[in-house]
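To start, the structure itself, in structure tokens.
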Amino acid sequence: MNAAEREGIHIMLVAGETSGDALGSDLMIALREISTRSIRFSGVGGPRMEREGLPSIFPMSDIAVMGPREIIPRLPLIFRRIWQTVRHAVDKKPDVVVVIDSPEFTHMVARRIYRRAPSIPIVNYVLPSVWAWRQGRARAMSKYIRRVLALLPFEPVFLKSAGVDCVYVGHPAINRIPDEGSGARFRAARGIDPTGPVLLVLPGSRINEVKHLLAIFGETVEKLAAELPSLRVLVPTVPHVRGLVEASVTRWPVNVEIIEDDEEKRAAFDASTAALAASGTVALELGLARVPMVIAYRAEALVGWFALKVLKVPSVVLVNLILDRPAVQEYLQGRCKADDLLQGLRPLMRDTPERRRALADLDEFRVRMGVTGEPPSRRAARAVLDILEPVTPVE
């Protein structure tokens, strides 16, 4: 072992919420697997990152808050934690800082580290959705971010125009693609006809969006069931909205199964003929699972109007943005009506030219997302280490 190999690397990671903790822990594992040198971690993370050897300088729960009602009372603590994180970087002088998601916190940290210690390279893992809402922010990032690790394949091209170095590493949802054959096993275990119509209904994970969409989705299901008497419906959900979902689906005139277990959710994706889903990351997960879908969303009138006005992209569906065409039908605000949703779903539930075209589009989408090859965390690790040292390819 030569001197360079013996010399360790200090990598500081900063995550601000559960999703970032998951990304950070996977990145830590991959960094240790790939690097030819020992690695010491420090920074801010949650329980998963701590289990991988990061001594968090304060509990991540101090900053993992959402919405004005939670944030405003805790602003003094949040700002103390920002400065504590910055001081740690300036004092310890890590070889690289990786800020992970949670841009409201992590970018405040990154800007202040850059001003006080500009020689420390800063990597941003998960680009804020600047391409959708605040495109000028990308140019501002070029001043303090050395490299962005992108989850979406169109982001490097967008950031290059703003002068930001960006590497596509892949979305973590790639790791959640259903296992081959899991859908057939799911159907068999629940007595579902192997070729019968199964609709996956995903009304969202936030209470307000679930309230806005459940009645419309229920009406759509009722109309579809009238055309497909053998229809089965699967509704994946999360604990904090399960009661709301259960109270609504009991009135639907079909056999509905609510699913909460993550492994069963993936199998349910594979078992489904098509999906009716709220707009969000779930559309990307459905695309990776090769489930034809209709996407819908309805918010309060003023909020929805404002969102559509400031949106800088032609679609809210990531599958459409990545394919650069309207492959997935979306019904937003005033167009989010049961009759319209039924019209979009109807051809996806049978072997039709529309369904075959949707499946071909999703096959292309999976190729563009890079579902084969190295896991996203290893690609991300290479992009971080490449700033510090050439990385030897791992077979």
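If you're wondering about the labels, chains in the structure tokens are A, B, ... by order shown, residues count from 1 in each chain, ligands from 1 in order shown.
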
Contact table stretch 69-168 of chain A vs stretch 42-59 of chain A, cut-off 9 Å, shortest pair per residue, only C-alpha atoms, as CSV:
```
residue,atom,partner,partner_atom,distance
A:Arg81,CA,A:Phe58,CA,7.8
A:Gln84,CA,A:Ile57,CA,8.3
A:Thr85,CA,A:Gly43,CA,7.1
A:His88,CA,A:Gly43,CA,7.7
A:Ala89,CA,A:Gly43,CA,8.2
A:Pro94,CA,A:Ser42,CA,8.5
A:Val97,CA,A:Gly43,CA,8.7
```

Please save all heavy atoms of the selected residues as a tab-separated table (two decimals), in the first residue's frame.
```tsv
chain	number	residue	atom	x	y	z
A	81	ARG	N	-28.47	25.64	14.04
A	81	ARG	CA	-27.95	24.42	13.44
A	81	ARG	C	-27.23	24.71	12.12
A	81	ARG	O	-26.23	24.03	11.79
A	81	ARG	CB	-29.08	23.42	13.21
A	81	ARG	CG	-29.73	22.90	14.48
A	81	ARG	CD	-28.73	22.50	15.55
A	81	ARG	NE	-29.32	21.70	16.62
A	81	ARG	CZ	-28.74	21.48	17.78
A	81	ARG	NH1	-27.54	22.03	18.04
A	81	ARG	NH2	-29.34	20.74	18.70
A	84	GLN	N	-23.86	26.01	13.17
A	84	GLN	CA	-23.09	24.92	13.77
A	84	GLN	C	-22.50	24.02	12.69
A	84	GLN	O	-21.34	23.59	12.76
A	84	GLN	CB	-24.00	24.11	14.70
A	84	GLN	CG	-23.27	23.05	15.51
A	84	GLN	CD	-24.20	22.34	16.48
A	84	GLN	OE1	-25.38	22.71	16.63
A	84	GLN	NE2	-23.70	21.31	17.14
A	85	THR	N	-23.28	23.77	11.65
A	85	THR	CA	-22.81	22.94	10.54
A	85	THR	C	-21.71	23.64	9.77
A	85	THR	O	-20.69	23.03	9.40
A	85	THR	CB	-23.98	22.60	9.59
A	85	THR	OG1	-25.07	22.08	10.36
A	85	THR	CG2	-23.56	21.59	8.54
A	88	HIS	N	-18.47	23.61	11.73
A	88	HIS	CA	-17.86	22.28	11.68
A	88	HIS	C	-17.02	22.14	10.41
A	88	HIS	O	-15.88	21.65	10.45
A	88	HIS	CB	-18.93	21.21	11.72
A	88	HIS	CG	-18.41	19.82	11.62
A	88	HIS	ND1	-18.01	19.08	12.71
A	88	HIS	CD2	-18.18	19.01	10.53
A	88	HIS	CE1	-17.58	17.90	12.31
A	88	HIS	NE2	-17.68	17.83	11.00
A	89	ALA	N	-17.58	22.57	9.28
A	89	ALA	CA	-16.85	22.47	8.01
A	89	ALA	C	-15.60	23.34	8.01
A	89	ALA	O	-14.52	22.91	7.60
A	89	ALA	CB	-17.77	22.85	6.85
A	94	PRO	N	-12.95	19.37	5.79
A	94	PRO	CA	-13.07	18.09	5.08
A	94	PRO	C	-12.55	18.21	3.66
A	94	PRO	O	-12.45	19.31	3.11
A	94	PRO	CB	-14.58	17.83	5.10
A	94	PRO	CG	-15.20	19.20	5.21
A	94	PRO	CD	-14.26	19.98	6.08
A	97	VAL	N	-17.46	18.33	0.80
A	97	VAL	CA	-18.75	18.39	1.49
A	97	VAL	C	-19.82	17.96	0.50
A	97	VAL	O	-19.86	18.46	-0.63
A	97	VAL	CB	-19.06	19.81	2.02
A	97	VAL	CG1	-20.49	19.87	2.57
A	97	VAL	CG2	-18.06	20.23	3.08
```

So that I can see what lies close to A:Val210, please list as a short mmCIF file (atom, residue, chain, number, x, y, z; two decimals) with N, CA and C atoms, in the first residue's frame the residues with an atom at most 10 Å from it, counting only C-alpha atoms and leaving out residues fewer than 2 positions away in the same chain.
```cif
data_model
loop_
_atom_site.label_atom_id
_atom_site.label_comp_id
_atom_site.auth_asym_id
_atom_site.auth_seq_id
_atom_site.Cartn_x
_atom_site.Cartn_y
_atom_site.Cartn_z
N LEU A 202 -53.55 5.48 -6.50
CA LEU A 202 -52.59 6.14 -5.62
C LEU A 202 -53.00 7.60 -5.44
N PRO A 203 -53.76 7.89 -4.38
CA PRO A 203 -54.29 9.25 -4.19
C PRO A 203 -53.33 10.22 -3.51
N GLY A 204 -52.10 9.80 -3.25
CA GLY A 204 -51.11 10.70 -2.66
C GLY A 204 -50.79 10.33 -1.22
N SER A 205 -49.85 11.09 -0.65
CA SER A 205 -49.41 10.81 0.72
C SER A 205 -49.63 11.99 1.66
N ARG A 206 -50.11 13.10 1.12
CA ARG A 206 -50.39 14.28 1.96
C ARG A 206 -51.90 14.35 2.20
N ILE A 207 -52.28 14.70 3.41
CA ILE A 207 -53.69 14.69 3.78
C ILE A 207 -54.53 15.55 2.85
N ASN A 208 -54.06 16.76 2.55
CA ASN A 208 -54.86 17.66 1.72
C ASN A 208 -55.06 17.10 0.32
N HIS A 212 -58.64 15.96 -1.57
CA HIS A 212 -59.10 16.53 -2.83
C HIS A 212 -59.34 15.46 -3.89
N LEU A 213 -58.60 14.36 -3.83
CA LEU A 213 -58.63 13.39 -4.93
C LEU A 213 -59.46 12.15 -4.68
N LEU A 214 -59.66 11.76 -3.43
CA LEU A 214 -60.32 10.48 -3.16
C LEU A 214 -61.73 10.40 -3.75
N ALA A 215 -62.51 11.46 -3.62
CA ALA A 215 -63.88 11.42 -4.13
C ALA A 215 -63.89 11.29 -5.65
N PHE A 217 -61.44 10.07 -7.54
CA PHE A 217 -60.92 8.74 -7.88
C PHE A 217 -62.00 7.68 -7.63
N VAL A 241 -52.31 8.55 6.48
CA VAL A 241 -53.54 8.80 5.71
C VAL A 241 -54.38 7.54 5.56
N LEU A 244 -58.11 7.84 6.55
CA LEU A 244 -58.86 8.63 5.57
C LEU A 244 -59.17 7.81 4.33
N VAL A 245 -58.18 7.05 3.86
CA VAL A 245 -58.37 6.22 2.68
C VAL A 245 -59.39 5.12 2.95
N ALA A 278 -52.00 10.29 -8.20
CA ALA A 278 -51.76 11.71 -7.99
C ALA A 278 -50.40 12.08 -8.57
N TYR A 297 -54.37 15.62 -10.68
CA TYR A 297 -54.10 16.44 -9.49
C TYR A 297 -55.12 17.57 -9.42
N ARG A 298 -55.56 17.83 -8.21
CA ARG A 298 -56.44 18.98 -7.97
C ARG A 298 -56.10 19.56 -6.61
N ALA A 299 -55.79 20.84 -6.60
CA ALA A 299 -55.53 21.55 -5.35
C ALA A 299 -56.59 22.63 -5.21
#
```

Practice item. Apply DSSP to the backbone of this structure and, from stretch 111-330 of chain A, keep only the residues in strand (DSSP E or B); write these as a ChimeraX atom specification. Key: /A:122-125,147-150,166-168,198-202,232-236,255-259,274-278,293-297,329-330

Residue subset to file, keeping N, CA, C and O atoms, as a compact mmCIF listing (two decimals), in the first residue's frame:
```txt
# COMPACT_ATOMS: atom_id res chain seq x y z
N ILE A 122 -17.79 21.55 -2.85
CA ILE A 122 -19.13 21.19 -2.36
C ILE A 122 -19.89 20.49 -3.48
O ILE A 122 -19.99 21.00 -4.60
N VAL A 123 -20.42 19.33 -3.16
CA VAL A 123 -21.21 18.53 -4.10
C VAL A 123 -22.66 18.54 -3.64
O VAL A 123 -22.95 18.37 -2.46
N ASN A 124 -23.57 18.75 -4.58
CA ASN A 124 -25.00 18.75 -4.28
C ASN A 124 -25.63 17.47 -4.83
O ASN A 124 -25.63 17.23 -6.04
N TYR A 125 -26.12 16.63 -3.93
CA TYR A 125 -26.77 15.37 -4.31
C TYR A 125 -28.28 15.59 -4.26
O TYR A 125 -28.84 15.81 -3.19
N ARG A 147 -20.12 20.42 -8.05
CA ARG A 147 -20.72 19.39 -8.91
C ARG A 147 -22.10 19.02 -8.36
O ARG A 147 -22.30 18.95 -7.15
N VAL A 148 -23.02 18.75 -9.27
CA VAL A 148 -24.35 18.26 -8.91
C VAL A 148 -24.46 16.81 -9.32
O VAL A 148 -24.06 16.43 -10.43
N LEU A 149 -25.00 15.99 -8.44
CA LEU A 149 -25.30 14.60 -8.75
C LEU A 149 -26.80 14.53 -9.06
O LEU A 149 -27.64 14.71 -8.17
N ALA A 150 -27.13 14.31 -10.33
CA ALA A 150 -28.51 14.42 -10.79
C ALA A 150 -29.24 13.09 -10.72
O ALA A 150 -28.68 12.04 -11.03
N CYS A 166 -22.48 18.81 -13.85
CA CYS A 166 -23.53 17.92 -13.38
C CYS A 166 -23.32 16.53 -13.95
O CYS A 166 -23.02 16.38 -15.14
N VAL A 167 -23.47 15.52 -13.10
CA VAL A 167 -23.32 14.12 -13.50
C VAL A 167 -24.62 13.39 -13.20
O VAL A 167 -25.13 13.45 -12.07
N TYR A 168 -25.17 12.70 -14.19
CA TYR A 168 -26.36 11.90 -13.96
C TYR A 168 -25.96 10.59 -13.29
O TYR A 168 -25.18 9.82 -13.83
N VAL A 198 -56.68 -5.24 -13.09
CA VAL A 198 -56.33 -4.74 -11.76
C VAL A 198 -55.92 -3.28 -11.89
O VAL A 198 -55.01 -2.94 -12.66
N LEU A 199 -56.60 -2.42 -11.14
CA LEU A 199 -56.28 -1.00 -11.16
C LEU A 199 -55.56 -0.60 -9.88
O LEU A 199 -56.04 -0.89 -8.78
N LEU A 200 -54.43 0.04 -10.02
CA LEU A 200 -53.68 0.57 -8.89
C LEU A 200 -54.12 2.03 -8.69
O LEU A 200 -54.06 2.83 -9.63
N VAL A 201 -54.58 2.37 -7.50
CA VAL A 201 -55.05 3.72 -7.21
C VAL A 201 -54.14 4.35 -6.16
O VAL A 201 -53.97 3.80 -5.06
N LEU A 202 -53.55 5.48 -6.50
CA LEU A 202 -52.59 6.14 -5.62
C LEU A 202 -53.00 7.60 -5.44
O LEU A 202 -52.63 8.48 -6.23
N ARG A 232 -60.46 -5.51 -10.00
CA ARG A 232 -59.91 -5.48 -8.64
C ARG A 232 -59.11 -4.19 -8.49
O ARG A 232 -58.46 -3.73 -9.44
N VAL A 233 -59.15 -3.63 -7.29
CA VAL A 233 -58.49 -2.35 -7.03
C VAL A 233 -57.50 -2.49 -5.88
O VAL A 233 -57.85 -3.04 -4.82
N LEU A 234 -56.28 -1.99 -6.08
CA LEU A 234 -55.24 -1.99 -5.05
C LEU A 234 -54.91 -0.55 -4.70
O LEU A 234 -54.69 0.28 -5.61
N VAL A 235 -54.86 -0.25 -3.42
CA VAL A 235 -54.59 1.12 -2.98
C VAL A 235 -53.42 1.13 -2.00
O VAL A 235 -53.59 0.92 -0.80
N PRO A 236 -52.19 1.35 -2.48
CA PRO A 236 -51.06 1.53 -1.56
C PRO A 236 -51.21 2.84 -0.79
O PRO A 236 -51.67 3.85 -1.36
N ASN A 255 -63.99 -4.67 -5.13
CA ASN A 255 -63.13 -5.31 -4.16
C ASN A 255 -61.84 -4.50 -4.07
O ASN A 255 -61.04 -4.46 -5.00
N VAL A 256 -61.63 -3.82 -2.95
CA VAL A 256 -60.47 -2.94 -2.76
C VAL A 256 -59.56 -3.53 -1.69
O VAL A 256 -60.02 -3.93 -0.61
N GLU A 257 -58.26 -3.56 -1.98
CA GLU A 257 -57.29 -4.00 -0.97
C GLU A 257 -56.32 -2.86 -0.69
O GLU A 257 -55.70 -2.32 -1.62
N ILE A 258 -56.20 -2.49 0.58
CA ILE A 258 -55.27 -1.44 0.99
C ILE A 258 -53.94 -2.09 1.36
O ILE A 258 -53.90 -3.08 2.07
N ILE A 259 -52.85 -1.49 0.88
CA ILE A 259 -51.52 -2.07 1.07
C ILE A 259 -50.61 -1.04 1.70
O ILE A 259 -50.53 0.10 1.24
N ALA A 274 -52.99 -1.20 -14.85
CA ALA A 274 -52.77 0.24 -15.06
C ALA A 274 -52.93 0.94 -13.73
O ALA A 274 -53.34 0.33 -12.72
N ALA A 275 -52.63 2.23 -13.71
CA ALA A 275 -52.69 3.00 -12.46
C ALA A 275 -53.37 4.34 -12.67
O ALA A 275 -53.24 4.97 -13.73
N LEU A 276 -54.06 4.77 -11.63
CA LEU A 276 -54.61 6.13 -11.53
C LEU A 276 -53.91 6.76 -10.33
O LEU A 276 -54.07 6.28 -9.21
N ALA A 277 -53.13 7.80 -10.57
CA ALA A 277 -52.25 8.29 -9.51
C ALA A 277 -52.23 9.80 -9.42
O ALA A 277 -52.39 10.51 -10.42
N ALA A 278 -52.00 10.29 -8.20
CA ALA A 278 -51.76 11.71 -7.99
C ALA A 278 -50.40 12.08 -8.57
O ALA A 278 -49.47 11.26 -8.59
N MET A 293 -50.25 4.46 -17.02
CA MET A 293 -50.87 5.28 -15.98
C MET A 293 -51.60 6.48 -16.53
O MET A 293 -51.34 6.95 -17.65
N VAL A 294 -52.49 7.00 -15.69
CA VAL A 294 -53.11 8.31 -15.87
C VAL A 294 -52.78 9.10 -14.60
O VAL A 294 -52.93 8.58 -13.48
N ILE A 295 -52.33 10.33 -14.78
CA ILE A 295 -51.92 11.16 -13.65
C ILE A 295 -52.93 12.30 -13.48
O ILE A 295 -53.35 12.93 -14.46
N ALA A 296 -53.31 12.54 -12.23
CA ALA A 296 -54.31 13.57 -11.93
C ALA A 296 -53.87 14.40 -10.73
O ALA A 296 -53.11 13.93 -9.88
N TYR A 297 -54.37 15.62 -10.68
CA TYR A 297 -54.10 16.44 -9.49
C TYR A 297 -55.12 17.57 -9.42
O TYR A 297 -55.48 18.17 -10.43
N GLN A 329 -50.89 10.67 -20.01
CA GLN A 329 -51.94 11.69 -19.95
C GLN A 329 -52.05 12.23 -18.53
O GLN A 329 -52.02 11.49 -17.55
N GLU A 330 -52.19 13.56 -18.44
CA GLU A 330 -52.30 14.21 -17.14
C GLU A 330 -53.55 15.09 -17.13
O GLU A 330 -53.85 15.78 -18.11
```

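Distances here use only C-alpha atoms; by that measure, the residue among A:Met141, A:Ala22, A:Ile192, A:Met12 closest to A:Pro172 is A:Ala22.
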
**Study point:** Contact residues around A:Val328 with only C-alpha atoms at 10 Å, ignoring same-chain residues under 6 positions, as an MDAnalysis selection string
**Key:** chainID A and resid 283 287 292:295 315 317:320 344 358 361:362

List the neighbours of A:Gly163 out to 10 Å using only C-alpha atoms; skip same-chain residues closer than 5 positions along the sequence, and give me the result as a PDB file with all heavy atoms, in the first residue's frame.
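So part35.pdb came out as:
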```pdb
ATOM      1  N   ALA A 138     -30.339  28.109 -10.715  1.00  0.00           N
ATOM      2  CA  ALA A 138     -29.259  27.260 -11.219  1.00  0.00           C
ATOM      3  C   ALA A 138     -27.995  28.073 -11.452  1.00  0.00           C
ATOM      4  O   ALA A 138     -26.886  27.626 -11.139  1.00  0.00           O
ATOM      5  CB  ALA A 138     -29.697  26.567 -12.506  1.00  0.00           C
ATOM      6  N   ARG A 139     -28.130  29.262 -12.013  1.00  0.00           N
ATOM      7  CA  ARG A 139     -26.950  30.116 -12.242  1.00  0.00           C
ATOM      8  C   ARG A 139     -26.316  30.524 -10.924  1.00  0.00           C
ATOM      9  O   ARG A 139     -25.091  30.585 -10.812  1.00  0.00           O
ATOM     10  CB  ARG A 139     -27.354  31.334 -13.066  1.00  0.00           C
ATOM     11  CG  ARG A 139     -27.681  31.018 -14.516  1.00  0.00           C
ATOM     12  CD  ARG A 139     -27.919  32.270 -15.331  1.00  0.00           C
ATOM     13  NE  ARG A 139     -29.167  32.915 -14.950  1.00  0.00           N
ATOM     14  CZ  ARG A 139     -30.361  32.593 -15.456  1.00  0.00           C
ATOM     15  NH1 ARG A 139     -30.452  31.617 -16.345  1.00  0.00           N
ATOM     16  NH2 ARG A 139     -31.432  33.227 -15.075  1.00  0.00           N
ATOM     17  N   ALA A 140     -27.148  30.801  -9.923  1.00  0.00           N
ATOM     18  CA  ALA A 140     -26.607  31.155  -8.605  1.00  0.00           C
ATOM     19  C   ALA A 140     -25.833  29.993  -8.001  1.00  0.00           C
ATOM     20  O   ALA A 140     -24.794  30.184  -7.350  1.00  0.00           O
ATOM     21  CB  ALA A 140     -27.734  31.592  -7.679  1.00  0.00           C
ATOM     22  N   MET A 141     -26.305  28.762  -8.216  1.00  0.00           N
ATOM     23  CA  MET A 141     -25.634  27.588  -7.671  1.00  0.00           C
ATOM     24  C   MET A 141     -24.226  27.427  -8.218  1.00  0.00           C
ATOM     25  O   MET A 141     -23.347  26.880  -7.547  1.00  0.00           O
ATOM     26  CB  MET A 141     -26.436  26.323  -7.989  1.00  0.00           C
ATOM     27  CG  MET A 141     -27.693  26.151  -7.173  1.00  0.00           C
ATOM     28  SD  MET A 141     -28.699  24.769  -7.785  1.00  0.00           S
ATOM     29  CE  MET A 141     -27.491  23.441  -7.802  1.00  0.00           C
ATOM     30  N   SER A 142     -24.001  27.877  -9.444  1.00  0.00           N
ATOM     31  CA  SER A 142     -22.683  27.694 -10.075  1.00  0.00           C
ATOM     32  C   SER A 142     -21.574  28.384  -9.291  1.00  0.00           C
ATOM     33  O   SER A 142     -20.397  28.035  -9.444  1.00  0.00           O
ATOM     34  CB  SER A 142     -22.709  28.216 -11.510  1.00  0.00           C
ATOM     35  OG  SER A 142     -22.886  29.627 -11.533  1.00  0.00           O
ATOM     36  N   LYS A 143     -21.910  29.332  -8.438  1.00  0.00           N
ATOM     37  CA  LYS A 143     -20.894  30.064  -7.671  1.00  0.00           C
ATOM     38  C   LYS A 143     -20.353  29.243  -6.501  1.00  0.00           C
ATOM     39  O   LYS A 143     -19.193  29.401  -6.113  1.00  0.00           O
ATOM     40  CB  LYS A 143     -21.483  31.376  -7.151  1.00  0.00           C
ATOM     41  CG  LYS A 143     -21.941  32.330  -8.251  1.00  0.00           C
ATOM     42  CD  LYS A 143     -22.611  33.561  -7.661  1.00  0.00           C
ATOM     43  CE  LYS A 143     -23.115  34.487  -8.759  1.00  0.00           C
ATOM     44  NZ  LYS A 143     -23.833  35.666  -8.211  1.00  0.00           N
ATOM     45  N   PHE A 158     -29.610  20.701 -18.785  1.00  0.00           N
ATOM     46  CA  PHE A 158     -30.149  21.959 -18.283  1.00  0.00           C
ATOM     47  C   PHE A 158     -29.088  22.739 -17.497  1.00  0.00           C
ATOM     48  O   PHE A 158     -28.909  23.942 -17.684  1.00  0.00           O
ATOM     49  CB  PHE A 158     -31.367  21.691 -17.397  1.00  0.00           C
ATOM     50  CG  PHE A 158     -31.819  22.895 -16.613  1.00  0.00           C
ATOM     51  CD1 PHE A 158     -32.515  23.915 -17.238  1.00  0.00           C
ATOM     52  CD2 PHE A 158     -31.523  23.014 -15.267  1.00  0.00           C
ATOM     53  CE1 PHE A 158     -32.915  25.046 -16.523  1.00  0.00           C
ATOM     54  CE2 PHE A 158     -31.920  24.130 -14.553  1.00  0.00           C
ATOM     55  CZ  PHE A 158     -32.620  25.144 -15.179  1.00  0.00           C
TER      56      PHE A 158
END
```
